[in-house]
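Take a look at the structure below.
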Amino acid sequence: MDKVFIKGLSIQTTIGFYAWEKEIKQTLVIDLSMGWHTAAAAENDELAKTLDYADISERIAEFANQNPVDLIETLAERLATFLMQQYHIPWLKLSIGKPNAVHNAQTVGVEIERGQRV
Ligand SMILES: Nc1nc2c(c(=O)[nH]1)N=C([C@H](O)[C@@H](O)CO)CN2
């Protein structure tokens, strides 16, 4: 399957288990790969027939800020469901990194894969 992807999308949002984390915004870095048949868009050079990575990048930041949660696992699960329903995406792989969470690690995070490759 072809893919449309977004790598290293940096967003600022409220996220975290501890009380102090609910008072601040922190950086999350998102990688997203979405299964898509890109040939239909390429045939007539049509944006409307593909996944618009600019639009989706904006929606990800909005979603995270409108749905504050404790765990990045929860955000990953809810964001994956939202994107698949909203854009009719059959399969995606989503990773969310929290680069400032562990001071002696470059980054920490989760990666999930949902749906079927068609
Ligand atoms: N697997 C996870 N572990 C931890 C998370 C998380 O979301 N997933 N979150 C925290 C705290 O919010 C942490 O980021 C504060 O430094 C701890 N472990």
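Just so we're on the same page: first chain in the structure tokens is A, next is B, and so on; residues restart at 1 for each chain, and ligands are numbered from 1 in the order they show up.
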
(request) Extract the full set of strand (DSSP E) residues from region 10-115 of chain A according to DSSP on the backbone, and format it as a count of residues only. (result) 28

(message) Set the distance at 8 Å and use only C-alpha atoms: which residues neighbour Gly35 (chain A) once local chain neighbours fewer than 5 positions away are removed? I'd like the list as a ChimeraX atom specification.
(response) /A:1-4,89-92,117

(request) Check the smallest atom-to-atom distance from each of A:Glu77, A:Asp70, A:Asp31, A:Glu43 to ligand 1 using only C-alpha atoms and all ligand atoms, then report the winner. (result) A:Asp70

(message) Which of region 62-111 of chain A end up as alpha helix (DSSP H) when DSSP is run on this backbone - answer as a VMD selection string?
(response) chain A and resid 62 to 66 72 to 87

Quick one: write out the picked residues with N, CA and C atoms as a JSON list (two decimals), in the first residue's frame?
[["chain", "number", "residue", "atom", "x", "y", "z"],
["A", 62, "GLU", "N", -4.82, 20.64, 17.00],
["A", 62, "GLU", "CA", -6.13, 21.03, 17.57],
["A", 62, "GLU", "C", -6.69, 19.91, 18.44],
["A", 63, "PHE", "N", -6.62, 18.69, 17.94],
["A", 63, "PHE", "CA", -7.20, 17.55, 18.68],
["A", 63, "PHE", "C", -6.50, 17.39, 20.03],
["A", 64, "ALA", "N", -5.18, 17.45, 20.02],
["A", 64, "ALA", "CA", -4.43, 17.26, 21.27],
["A", 64, "ALA", "C", -4.80, 18.35, 22.29],
["A", 65, "ASN", "N", -4.95, 19.57, 21.82],
["A", 65, "ASN", "CA", -5.26, 20.67, 22.73],
["A", 65, "ASN", "C", -6.71, 20.65, 23.20],
["A", 66, "GLN", "N", -7.60, 20.07, 22.41],
["A", 66, "GLN", "CA", -9.01, 20.00, 22.81],
["A", 66, "GLN", "C", -9.31, 18.77, 23.67],
["A", 72, "ILE", "N", 0.31, 9.46, 27.14],
["A", 72, "ILE", "CA", 0.46, 9.55, 25.68],
["A", 72, "ILE", "C", -0.18, 8.34, 24.98],
["A", 73, "GLU", "N", -0.31, 7.22, 25.70],
["A", 73, "GLU", "CA", -1.03, 6.06, 25.15],
["A", 73, "GLU", "C", -2.48, 6.43, 24.83],
["A", 74, "THR", "N", -3.10, 7.17, 25.74],
["A", 74, "THR", "CA", -4.51, 7.56, 25.56],
["A", 74, "THR", "C", -4.64, 8.51, 24.39],
["A", 75, "LEU", "N", -3.73, 9.48, 24.31],
["A", 75, "LEU", "CA", -3.76, 10.41, 23.19],
["A", 75, "LEU", "C", -3.57, 9.67, 21.87],
["A", 76, "ALA", "N", -2.62, 8.74, 21.84],
["A", 76, "ALA", "CA", -2.35, 7.98, 20.60],
["A", 76, "ALA", "C", -3.60, 7.22, 20.16],
["A", 77, "GLU", "N", -4.24, 6.54, 21.09],
["A", 77, "GLU", "CA", -5.43, 5.73, 20.76],
["A", 77, "GLU", "C", -6.57, 6.61, 20.26],
["A", 78, "ARG", "N", -6.82, 7.71, 20.95],
["A", 78, "ARG", "CA", -7.96, 8.58, 20.58],
["A", 78, "ARG", "C", -7.67, 9.32, 19.28],
["A", 79, "LEU", "N", -6.43, 9.72, 19.11],
["A", 79, "LEU", "CA", -6.06, 10.42, 17.88],
["A", 79, "LEU", "C", -6.15, 9.48, 16.67],
["A", 80, "ALA", "N", -5.70, 8.25, 16.85],
["A", 80, "ALA", "CA", -5.77, 7.27, 15.75],
["A", 80, "ALA", "C", -7.23, 7.05, 15.34],
["A", 81, "THR", "N", -8.10, 6.87, 16.32],
["A", 81, "THR", "CA", -9.53, 6.66, 16.03],
["A", 81, "THR", "C", -10.11, 7.87, 15.30],
["A", 82, "PHE", "N", -9.79, 9.06, 15.80],
["A", 82, "PHE", "CA", -10.30, 10.30, 15.18],
["A", 82, "PHE", "C", -9.84, 10.41, 13.72],
["A", 83, "LEU", "N", -8.57, 10.22, 13.48],
["A", 83, "LEU", "CA", -8.04, 10.39, 12.12],
["A", 83, "LEU", "C", -8.62, 9.35, 11.16],
["A", 84, "MET", "N", -8.72, 8.09, 11.63],
["A", 84, "MET", "CA", -9.23, 7.04, 10.75],
["A", 84, "MET", "C", -10.69, 7.29, 10.38],
["A", 85, "GLN", "N", -11.48, 7.77, 11.37],
["A", 85, "GLN", "CA", -12.89, 8.03, 11.09],
["A", 85, "GLN", "C", -13.06, 9.27, 10.21],
["A", 86, "GLN", "N", -12.32, 10.32, 10.55],
["A", 86, "GLN", "CA", -12.48, 11.60, 9.87],
["A", 86, "GLN", "C", -12.05, 11.56, 8.41],
["A", 87, "TYR", "N", -10.94, 10.84, 8.16],
["A", 87, "TYR", "CA", -10.35, 10.86, 6.81],
["A", 87, "TYR", "C", -10.48, 9.51, 6.08]]

Could you produce a table of the residues of chain A lying within 9 Å of ligand 1, with the nearest pair of atoms per residue and their separation in Å rounded to one decimal, using only C-alpha atoms and all ligand atoms, ordered by chain and increasing residue number, as a tab-separated table?
residue	atom	partner	partner_atom_place_in_ligand_line	distance
A:Ile15	CA	ligand 1	12 (O)	6.8
A:Gly16	CA	ligand 1	12 (O)	3.5
A:Phe17	CA	ligand 1	12 (O)	4.1
A:Tyr18	CA	ligand 1	12 (O)	5.8
A:Glu21	CA	ligand 1	12 (O)	7.0
A:Val69	CA	ligand 1	7 (O)	8.7
A:Asp70	CA	ligand 1	7 (O)	6.2
A:Leu71	CA	ligand 1	7 (O)	3.3
A:Ile72	CA	ligand 1	7 (O)	4.1
A:Glu73	CA	ligand 1	8 (N)	6.0
A:Thr74	CA	ligand 1	7 (O)	7.8
A:Leu75	CA	ligand 1	7 (O)	8.7
A:Lys98	CA	ligand 1	14 (O)	7.0
A:Asn100	CA	ligand 1	16 (O)	7.8
A:Ala101	CA	ligand 1	16 (O)	4.4
A:Val102	CA	ligand 1	16 (O)	6.2
A:His103	CA	ligand 1	16 (O)	8.8
A:Val108	CA	ligand 1	2 (C)	8.3
A:Gly109	CA	ligand 1	8 (N)	6.8
A:Val110	CA	ligand 1	1 (N)	7.1

Could you write those residues out with C-alpha atoms, as a PDB file, in the first residue's frame?
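File produced: selection35.pdb:
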ATOM      1  CA  ILE A  15      -0.296  16.241  28.612  1.00  0.00           C
ATOM      2  CA  GLY A  16       0.788  14.293  31.670  1.00  0.00           C
ATOM      3  CA  PHE A  17      -0.123  12.242  34.727  1.00  0.00           C
ATOM      4  CA  TYR A  18       1.174  14.596  37.417  1.00  0.00           C
ATOM      5  CA  GLU A  21       1.834  18.820  34.119  1.00  0.00           C
ATOM      6  CA  VAL A  69      -5.240  13.448  28.871  1.00  0.00           C
ATOM      7  CA  ASP A  70      -2.738  11.941  31.308  1.00  0.00           C
ATOM      8  CA  LEU A  71      -1.011   9.342  29.139  1.00  0.00           C
ATOM      9  CA  ILE A  72       0.458   9.555  25.677  1.00  0.00           C
ATOM     10  CA  GLU A  73      -1.025   6.058  25.151  1.00  0.00           C
ATOM     11  CA  THR A  74      -4.506   7.561  25.562  1.00  0.00           C
ATOM     12  CA  LEU A  75      -3.764  10.415  23.188  1.00  0.00           C
ATOM     13  CA  LYS A  98       7.711  13.272  24.689  1.00  0.00           C
ATOM     14  CA  ASN A 100      11.561  16.412  27.650  1.00  0.00           C
ATOM     15  CA  ALA A 101       9.978  13.779  29.903  1.00  0.00           C
ATOM     16  CA  VAL A 102      13.122  11.877  30.952  1.00  0.00           C
ATOM     17  CA  HIS A 103      16.122  14.148  31.328  1.00  0.00           C
ATOM     18  CA  VAL A 108      10.444   8.500  25.167  1.00  0.00           C
ATOM     19  CA  GLY A 109       7.103   7.570  23.678  1.00  0.00           C
ATOM     20  CA  VAL A 110       4.678   5.109  22.178  1.00  0.00           C
TER      21      VAL A 110
END
